[in-house]
Each structure stands twice: as structure tokens, then as C-alpha cells.
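To be precise, the following lines are data.cif, and they hold mmCIF, C-alpha atoms.
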```cif
data_upload
#
loop_
_atom_site.group_PDB
_atom_site.id
_atom_site.type_symbol
_atom_site.label_atom_id
_atom_site.label_comp_id
_atom_site.auth_asym_id
_atom_site.auth_seq_id
_atom_site.Cartn_x
_atom_site.Cartn_y
_atom_site.Cartn_z
ATOM 1 C CA MET R 120 0.000 0.000 0.000
ATOM 2 C CA THR R 121 1.415 3.373 -0.997
ATOM 3 C CA ALA R 122 0.350 6.882 -0.062
ATOM 4 C CA SER R 123 -1.429 7.277 -3.410
ATOM 5 C CA THR R 124 -3.515 4.117 -3.300
ATOM 6 C CA LEU R 125 -5.731 2.289 -0.850
ATOM 7 C CA THR R 126 -5.508 -0.973 -2.824
ATOM 8 C CA GLY R 127 -5.277 -3.860 -0.388
ATOM 9 C CA SER R 128 -6.905 -1.932 2.457
ATOM 10 C CA LEU R 129 -10.187 -2.694 4.144
ATOM 11 C CA LEU R 130 -13.073 -0.275 4.257
ATOM 12 C CA VAL R 131 -14.997 -0.830 7.459
ATOM 13 C CA ALA R 132 -18.442 0.756 7.593
ATOM 14 C CA THR R 133 -18.772 3.207 10.456
ATOM 15 C CA PRO R 134 -21.937 3.202 12.571
ATOM 16 C CA LEU R 135 -23.028 6.267 10.556
ATOM 17 C CA LEU R 136 -23.402 4.038 7.484
ATOM 18 C CA ASP R 137 -26.507 2.275 8.716
ATOM 19 C CA GLU R 138 -28.353 1.505 5.467
ATOM 20 C CA PRO R 139 -28.226 -1.686 3.396
ATOM 21 C CA PRO R 140 -26.247 -2.902 1.570
ATOM 22 C CA PHE R 141 -23.276 -1.431 3.430
ATOM 23 C CA ARG R 142 -24.409 -1.565 7.061
ATOM 24 C CA ARG R 143 -21.571 -3.199 9.046
ATOM 25 C CA SER R 144 -19.826 -4.214 5.869
ATOM 26 C CA VAL R 145 -16.136 -4.900 5.413
ATOM 27 C CA ILE R 146 -14.868 -4.236 1.906
ATOM 28 C CA LEU R 147 -11.538 -5.348 0.489
ATOM 29 C CA LEU R 148 -10.270 -2.749 -1.990
ATOM 30 C CA LEU R 149 -8.922 -4.593 -5.016
ATOM 31 C CA ASP R 150 -8.146 -1.486 -7.026
ATOM 32 C CA HIS R 151 -7.911 2.201 -6.156
ATOM 33 C CA ASP R 152 -6.467 5.107 -8.099
ATOM 34 C CA GLU R 153 -7.436 8.601 -9.251
ATOM 35 C CA ASP R 154 -10.068 7.115 -11.593
ATOM 36 C CA GLY R 155 -11.972 5.369 -8.811
ATOM 37 C CA ALA R 156 -12.067 2.239 -6.695
ATOM 38 C CA LEU R 157 -13.311 -1.342 -6.860
ATOM 39 C CA GLY R 158 -13.801 -3.719 -3.964
ATOM 40 C CA VAL R 159 -15.836 -6.621 -2.670
ATOM 41 C CA VAL R 160 -17.807 -6.998 0.545
ATOM 42 C CA VAL R 161 -16.051 -9.897 2.265
ATOM 43 C CA ASN R 162 -18.468 -10.474 5.137
ATOM 44 C CA ARG R 163 -21.782 -11.206 3.343
ATOM 45 C CA ALA R 164 -22.155 -14.905 2.587
ATOM 46 C CA ALA R 165 -25.160 -15.770 0.428
ATOM 47 C CA ASP R 166 -27.432 -18.788 0.852
ATOM 48 C CA LEU R 167 -26.326 -20.130 -2.520
ATOM 49 C CA GLU R 168 -23.743 -22.873 -2.934
ATOM 50 C CA VAL R 169 -21.057 -22.276 -5.564
ATOM 51 C CA ASP R 170 -21.771 -25.683 -7.110
ATOM 52 C CA GLN R 171 -25.301 -24.496 -7.976
ATOM 53 C CA VAL R 172 -24.075 -21.646 -10.200
ATOM 54 C CA LEU R 173 -20.435 -22.399 -11.051
ATOM 55 C CA PRO R 174 -20.062 -26.147 -10.539
ATOM 56 C CA ASP R 175 -16.626 -26.309 -12.187
ATOM 57 C CA TRP R 176 -15.257 -24.078 -9.430
ATOM 58 C CA SER R 177 -16.919 -25.720 -6.420
ATOM 59 C CA ASP R 178 -13.827 -27.787 -5.572
ATOM 60 C CA THR R 179 -11.577 -24.710 -5.798
ATOM 61 C CA VAL R 180 -13.353 -22.334 -3.400
ATOM 62 C CA ASN R 181 -12.688 -22.625 0.293
ATOM 63 C CA GLU R 182 -15.254 -23.058 3.042
ATOM 64 C CA PRO R 183 -18.067 -22.282 3.450
ATOM 65 C CA GLY R 184 -18.392 -23.027 -0.295
ATOM 66 C CA VAL R 185 -21.045 -20.381 -0.973
ATOM 67 C CA LEU R 186 -21.216 -17.269 -3.096
ATOM 68 C CA PHE R 187 -20.620 -13.983 -1.333
ATOM 69 C CA MET R 188 -22.542 -10.786 -2.037
ATOM 70 C CA GLY R 189 -19.666 -8.606 -3.239
ATOM 71 C CA GLY R 190 -21.674 -5.424 -3.545
ATOM 72 C CA PRO R 191 -24.613 -3.738 -5.182
ATOM 73 C CA VAL R 192 -23.025 -3.282 -8.626
ATOM 74 C CA GLY R 193 -23.130 -6.012 -11.281
ATOM 75 C CA THR R 194 -24.836 -8.620 -9.126
ATOM 76 C CA ASP R 195 -25.466 -10.736 -12.224
ATOM 77 C CA SER R 196 -21.713 -11.216 -12.677
ATOM 78 C CA ALA R 197 -19.090 -12.944 -10.560
ATOM 79 C CA LEU R 198 -15.615 -11.992 -9.381
ATOM 80 C CA ALA R 199 -13.226 -14.596 -8.027
ATOM 81 C CA VAL R 200 -10.658 -13.417 -5.491
ATOM 82 C CA ALA R 201 -7.815 -15.820 -4.838
ATOM 83 C CA GLU R 202 -4.608 -16.117 -2.911
ATOM 84 C CA VAL R 203 -1.989 -17.952 -4.944
ATOM 85 C CA ILE R 204 0.960 -19.875 -3.582
ATOM 86 C CA GLU R 205 4.350 -18.153 -3.397
ATOM 87 C CA SER R 206 5.921 -17.446 -6.811
ATOM 88 C CA ALA R 207 2.857 -18.711 -8.722
ATOM 89 C CA ASP R 208 1.680 -16.778 -11.764
ATOM 90 C CA PRO R 209 -1.116 -18.984 -13.092
ATOM 91 C CA PRO R 210 -3.018 -18.266 -16.305
ATOM 92 C CA GLY R 211 -6.069 -16.092 -15.781
ATOM 93 C CA TRP R 212 -4.759 -14.545 -12.561
ATOM 94 C CA ARG R 213 -4.268 -10.784 -12.168
ATOM 95 C CA GLU R 214 -2.413 -9.601 -9.096
ATOM 96 C CA CYS R 215 -4.113 -6.878 -7.073
ATOM 97 C CA PHE R 216 -1.652 -6.779 -4.166
ATOM 98 C CA GLY R 217 0.757 -9.311 -2.720
ATOM 99 C CA ARG R 218 -0.488 -12.813 -3.472
ATOM 100 C CA ILE R 219 -4.141 -11.681 -3.629
ATOM 101 C CA GLY R 220 -5.682 -11.208 -7.052
ATOM 102 C CA LEU R 221 -8.573 -11.860 -9.401
ATOM 103 C CA ILE R 222 -9.131 -15.120 -11.259
ATOM 104 C CA ASP R 223 -10.697 -15.178 -14.717
ATOM 105 C CA LEU R 224 -13.583 -17.630 -14.304
ATOM 106 C CA ASP R 225 -13.436 -18.426 -18.044
ATOM 107 C CA VAL R 226 -10.099 -20.202 -17.525
ATOM 108 C CA PRO R 227 -10.517 -23.950 -16.955
ATOM 109 C CA PRO R 228 -9.953 -24.672 -13.251
ATOM 110 C CA ALA R 229 -7.584 -27.531 -14.118
ATOM 111 C CA LEU R 230 -5.053 -24.976 -15.434
ATOM 112 C CA LEU R 231 -4.881 -23.416 -11.968
ATOM 113 C CA GLU R 232 -4.521 -26.661 -10.050
ATOM 114 C CA GLY R 233 -1.873 -26.389 -7.363
ATOM 115 C CA ALA R 234 -1.492 -22.609 -7.766
ATOM 116 C CA ILE R 235 -4.495 -21.429 -5.758
ATOM 117 C CA GLN R 236 -4.162 -21.491 -2.002
ATOM 118 C CA ARG R 237 -7.612 -20.029 -1.218
ATOM 119 C CA MET R 238 -10.453 -18.609 -3.281
ATOM 120 C CA ARG R 239 -13.875 -16.967 -2.887
ATOM 121 C CA ILE R 240 -16.440 -16.033 -5.526
ATOM 122 C CA PHE R 241 -18.422 -12.816 -5.197
ATOM 123 C CA ALA R 242 -21.668 -11.871 -6.921
ATOM 124 C CA GLY R 243 -21.278 -8.202 -7.743
ATOM 125 C CA TYR R 244 -18.892 -5.618 -6.403
ATOM 126 C CA ALA R 245 -18.698 -2.170 -4.833
ATOM 127 C CA GLY R 246 -17.439 0.617 -7.067
ATOM 128 C CA TRP R 247 -16.704 4.318 -6.799
ATOM 129 C CA SER R 248 -15.892 6.924 -9.422
ATOM 130 C CA GLY R 249 -12.838 9.158 -9.088
ATOM 131 C CA GLY R 250 -12.922 11.077 -5.794
ATOM 132 C CA GLN R 251 -16.211 9.521 -4.650
ATOM 133 C CA LEU R 252 -14.686 7.122 -2.125
ATOM 134 C CA GLU R 253 -12.407 9.815 -0.740
ATOM 135 C CA GLY R 254 -15.492 11.989 -0.185
ATOM 136 C CA GLU R 255 -17.292 9.188 1.659
ATOM 137 C CA ILE R 256 -14.235 8.631 3.868
ATOM 138 C CA THR R 257 -14.064 12.353 4.650
ATOM 139 C CA GLU R 258 -17.791 12.365 5.508
ATOM 140 C CA GLY R 259 -17.197 9.580 8.058
ATOM 141 C CA ALA R 260 -18.828 6.644 6.264
ATOM 142 C CA TRP R 261 -15.724 4.408 6.229
ATOM 143 C CA TYR R 262 -12.710 3.578 8.322
ATOM 144 C CA VAL R 263 -9.667 2.579 6.281
ATOM 145 C CA VAL R 264 -7.544 -0.105 7.949
ATOM 146 C CA PRO R 265 -4.884 -2.581 6.818
ATOM 147 C CA SER R 266 -6.140 -5.943 5.624
ATOM 148 C CA GLU R 267 -4.886 -9.364 6.609
ATOM 149 C CA PRO R 268 -5.076 -12.309 4.166
ATOM 150 C CA ASP R 269 -7.410 -14.199 6.490
ATOM 151 C CA ASP R 270 -9.972 -11.372 6.310
ATOM 152 C CA VAL R 271 -10.965 -12.298 2.761
ATOM 153 C CA PHE R 272 -11.186 -16.001 3.504
ATOM 154 C CA SER R 273 -12.576 -15.924 7.035
ATOM 155 C CA LEU R 274 -14.430 -19.046 8.109
ATOM 156 C CA ARG R 275 -16.733 -16.804 10.168
ATOM 157 C CA PRO R 276 -17.449 -13.861 7.849
ATOM 158 C CA GLU R 277 -20.529 -12.748 9.807
ATOM 159 C CA GLY R 278 -18.331 -11.611 12.739
ATOM 160 C CA LEU R 279 -15.636 -9.943 10.645
ATOM 161 C CA TRP R 280 -16.845 -6.361 11.220
ATOM 162 C CA ARG R 281 -16.362 -6.670 14.984
ATOM 163 C CA ARG R 282 -13.077 -8.619 14.709
ATOM 164 C CA VAL R 283 -11.479 -6.078 12.361
ATOM 165 C CA LEU R 284 -12.470 -3.197 14.634
ATOM 166 C CA ARG R 285 -11.355 -5.041 17.778
ATOM 167 C CA ARG R 286 -7.816 -5.547 16.461
ATOM 168 C CA GLN R 287 -7.250 -1.826 15.856
ATOM 169 C CA LYS R 288 -4.874 -0.180 18.289
ATOM 170 C CA ASP R 289 -6.783 3.048 18.858
ATOM 171 C CA GLN R 290 -10.247 4.203 19.886
ATOM 172 C CA MET R 291 -11.684 2.421 16.873
ATOM 173 C CA ALA R 292 -11.378 -0.857 18.819
ATOM 174 C CA TYR R 293 -14.119 0.325 21.190
ATOM 175 C CA LEU R 294 -16.604 0.428 18.313
ATOM 176 C CA ALA R 295 -16.490 -3.370 18.144
ATOM 177 C CA THR R 296 -18.912 -3.250 21.084
ATOM 178 C CA TYR R 297 -21.308 -0.861 19.332
ATOM 179 C CA PRO R 298 -24.816 -2.352 19.730
ATOM 180 C CA ASP R 299 -26.735 -3.634 16.714
ATOM 181 C CA ASP R 300 -29.570 -1.304 17.625
ATOM 182 C CA PRO R 301 -28.326 1.681 19.678
ATOM 183 C CA THR R 302 -31.908 2.703 20.503
ATOM 184 C CA GLN R 303 -32.233 -0.503 22.554
ATOM 185 C CA ASN R 304 -29.144 0.286 24.618
#
```
Written as C-alpha cells, that's how I'd like the structure from this file.
Amino acid sequence: MTASTLTGSLLVATPLLDEPPFRRSVILLLDHDEDGALGVVVNRAADLEVDQVLPDWSDTVNEPGVLFMGGPVGTDSALAVAEVIESADPPGWRECFGRIGLIDLDVPPALLEGAIQRMRIFAGYAGWSGGQLEGEITEGAWYVVPSEPDDVFSLRPEGLWRRVLRRQKDQMAYLATYPDDPTQN
């Protein structure tokens, strides 16, 4: 991560962002530059098994083996985010940061055998035009924090919002205890 890009960072919805689809969401930024940003919501598992929509990839994705709702844009398309093994550069893989990148789902899975360490498939994505995300951050809609590889592939994605906040080393950690409904507090 450089000063000019947030690629590889997590966007964590602040309590001010209380409307679907971003309420308590955690978004991995796959691309960010002056033209805009693209990311996927990593903590919204769908009730749809991968083998029901992309059966060729069902043996490649890690648990829980379901599609994830990546965001409100392009929900009729799929993005595959994968972590490849060290020094791998498989066909159909585009590095986003480190060993995390996008997999072209048109590539036969057999060509990637042994190269993919972990993978998730997302229906849709979250996108921002140039300057839009920066404006939302300034308005207080998002916290920007470093990501960890396990964030994308968490076995318990439903608790990721609280876990990411809890591991922060400042006052942000206290927000992990923010009630689901503050009016009931």
C-alpha cells in the first residue's frame, strides 16, 4: 500500500453508514487510483452454494463453499478473489496486491490446479468513481484499515466487522462493542 492508493486496504463501515447494503460491511479494496475504486464486501455470505451456479469451481473455493454478495453493482456477474501460492503466476490470474488477485472464471480450473491457495467467488462488487470514495471517507462513512489475508477467507465472515475493529490499536477498537440497535441500549 502506498500513499497514493488504498488498494489492499479494508473499508470498514462506520456506525453512521446504517443503510443496506453497506451496514456493518467490510470491503476489500482490489483497485484504487485517481479514476476510482473497486472492492468486494467480504463479510456477506449468500445462501447459494457455488456448485449451484459455477459447478466447475466448487472444488476450488474454500469453506463455506457459498457465493458472497460482493456489492450492489453487477450482481449478475461474478468476481473470483484468490490467494496464490508463493511465486505462482497462473493463467487467468491478475495480481491486485501481494499474493491476492482476481481469477478469470473463463479459464478452466484444471489450469490453476496447485497454484491457488484459497479462493472466494463474489456476486457483484462495490465501485466508486474518481474522488467519490475519498469523499465518503471524509464524511465519516468508512474507516480505512490494513487488511490481513485471512480477512478475505474468514471461516466466520458474519463476525468480521467486529473482529477487524477489535484488532485496531486506537479508539476504533471500542466500536467493536457498538450495539446492533443503539436505541435498545
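In this structure, CA of Ser177 in chain R sits 21.3 Å away from CA of Asp208 in chain R.
Here CA of Pro174 in chain R is placed at a distance of 14.5 Å from CA of Phe241 in chain R.
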Would you give me, as CSV, each residue of range 134-200 of chain R having an atom within 12 Å of an atom of range 265-288 of chain R, along with its shortest atom pair and that distance in Å to one decimal, using all atoms listed in the file and sorting by chain and residue number?
```
residue,atom,partner,partner_atom,distance
R:Pro134,CA,R:Trp280,CA,10.9
R:Phe141,CA,R:Trp280,CA,11.2
R:Arg142,CA,R:Trp280,CA,9.9
R:Arg143,CA,R:Trp280,CA,6.1
R:Ser144,CA,R:Trp280,CA,6.5
R:Val145,CA,R:Trp280,CA,6.0
R:Ile146,CA,R:Val271,CA,9.0
R:Leu147,CA,R:Val271,CA,7.3
R:Leu148,CA,R:Ser266,CA,9.2
R:Leu149,CA,R:Ser266,CA,11.1
R:Gly158,CA,R:Val271,CA,11.3
R:Val159,CA,R:Val271,CA,9.2
R:Val160,CA,R:Val271,CA,8.9
R:Val161,CA,R:Val271,CA,5.6
R:Asn162,CA,R:Pro276,CA,4.5
R:Arg163,CA,R:Glu277,CA,6.8
R:Ala164,CA,R:Pro276,CA,7.1
R:Ala165,CA,R:Pro276,CA,10.9
R:Val180,CA,R:Phe272,CA,9.6
R:Asn181,CA,R:Phe272,CA,7.5
R:Glu182,CA,R:Leu274,CA,6.5
R:Pro183,CA,R:Leu274,CA,6.7
R:Gly184,CA,R:Leu274,CA,10.1
R:Val185,CA,R:Leu274,CA,11.3
R:Phe187,CA,R:Pro276,CA,9.7
R:Met188,CA,R:Pro276,CA,11.5
R:Gly189,CA,R:Val271,CA,11.2
R:Ala199,CA,R:Val271,CA,11.3
R:Val200,CA,R:Val271,CA,8.3
```
Item checked: Spatial neighbours of range 224-229 of chain R, 8 Å, all atoms listed in the file, chain gap at least 2 places, as a list in words -> Asp175, Trp176, Thr179, Leu198, Ala199, Pro210, Gly211, Ile222, Leu231 and Glu232 of chain R
Next item on the list: Would you translate the PyMOL selection byres ((chain R and resi 247) around 10) into the concrete set of residues it matches in this file, as a PyMOL selection string?
Entry: chain R and resi 151+154-158+245-246+248-253+255
To verify the selection step, state as a short mmCIF file (atom, residue, chain, number, x, y, z; two decimals) with C-alpha atoms, keeping the file's coordinate frame which residues the PyMOL selection byres ((chain R and resi 264) around 6) yields on this input.
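Contents of the output file expr.cif:
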```
data_model
loop_
_atom_site.label_atom_id
_atom_site.label_comp_id
_atom_site.auth_asym_id
_atom_site.auth_seq_id
_atom_site.Cartn_x
_atom_site.Cartn_y
_atom_site.Cartn_z
CA SER R 128 -6.90 -1.93 2.46
CA LEU R 129 -10.19 -2.69 4.14
CA VAL R 263 -9.67 2.58 6.28
CA PRO R 265 -4.88 -2.58 6.82
#
```
Next item on the list: Enter the distance from CA of Ser196 in chain R to CA of Leu230 in chain R, in Å, rounded to one decimal.
Entry: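 Value for the CA of Ser196 in chain R-CA of Leu230 in chain R distance: 21.8 Å.
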Margin query: Which residue is closest to Leu130 in chain R? Choose from R:Asp223, R:Thr296, R:Gln290, R:Ala260 and count all atoms listed in the file.
Written below: R:Ala260
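Once the PyMOL selection byres ((chain R and resi 237) around 6) is applied to the shown structure, the selection contains R:Asn181, R:Ala201, R:Glu202, R:Ile235, R:Gln236, R:Met238.
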Item checked: Given all atoms listed in the file as the counted atoms, nearest of R:Ser206, R:Ile256, R:Leu135, R:Asp150 to Arg218 in chain R ->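 The shortest atom-to-atom distance to Arg218 in chain R comes from R:Ser206.
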Note to self: If we draw a sphere of 7 Å around (-7.0, -11.3, -8.8), which residues have at least one atom in it when counting only C-alpha atoms? Please report them as a VMD selection string.
What the structure shows: chain R and resid 200 to 201 212 to 215 219 to 222
Give, as JSON, the centre coordinates and the x, y and z edge lengths in Å to one decimal for an axis-aligned box around all listed atoms of range 213-228 of chain R, padded by 8 Å on each side.
```
{"center_x": -6.4, "center_y": -15.7, "center_z": -10.4, "size_x": 30.3, "size_y": 33.9, "size_z": 31.3}
```
Next item on the list: Pick out the closest residue to Pro140 in chain R from this set: R:Ala292, R:Val192, R:Ala207, R:Val172. Count only C-alpha atoms.
Entry: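 Going through R:Ala292, R:Val192, R:Ala207, R:Val172 one by one, the smallest distance to Pro140 in chain R is for R:Val192.
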Margin query: Around the point (-16.9, 4.2, 11.6) (coordinates from the file), which residues reach within 9 Å if we count all atoms listed in the file? Answer as a count of residues only.
Written below: 12
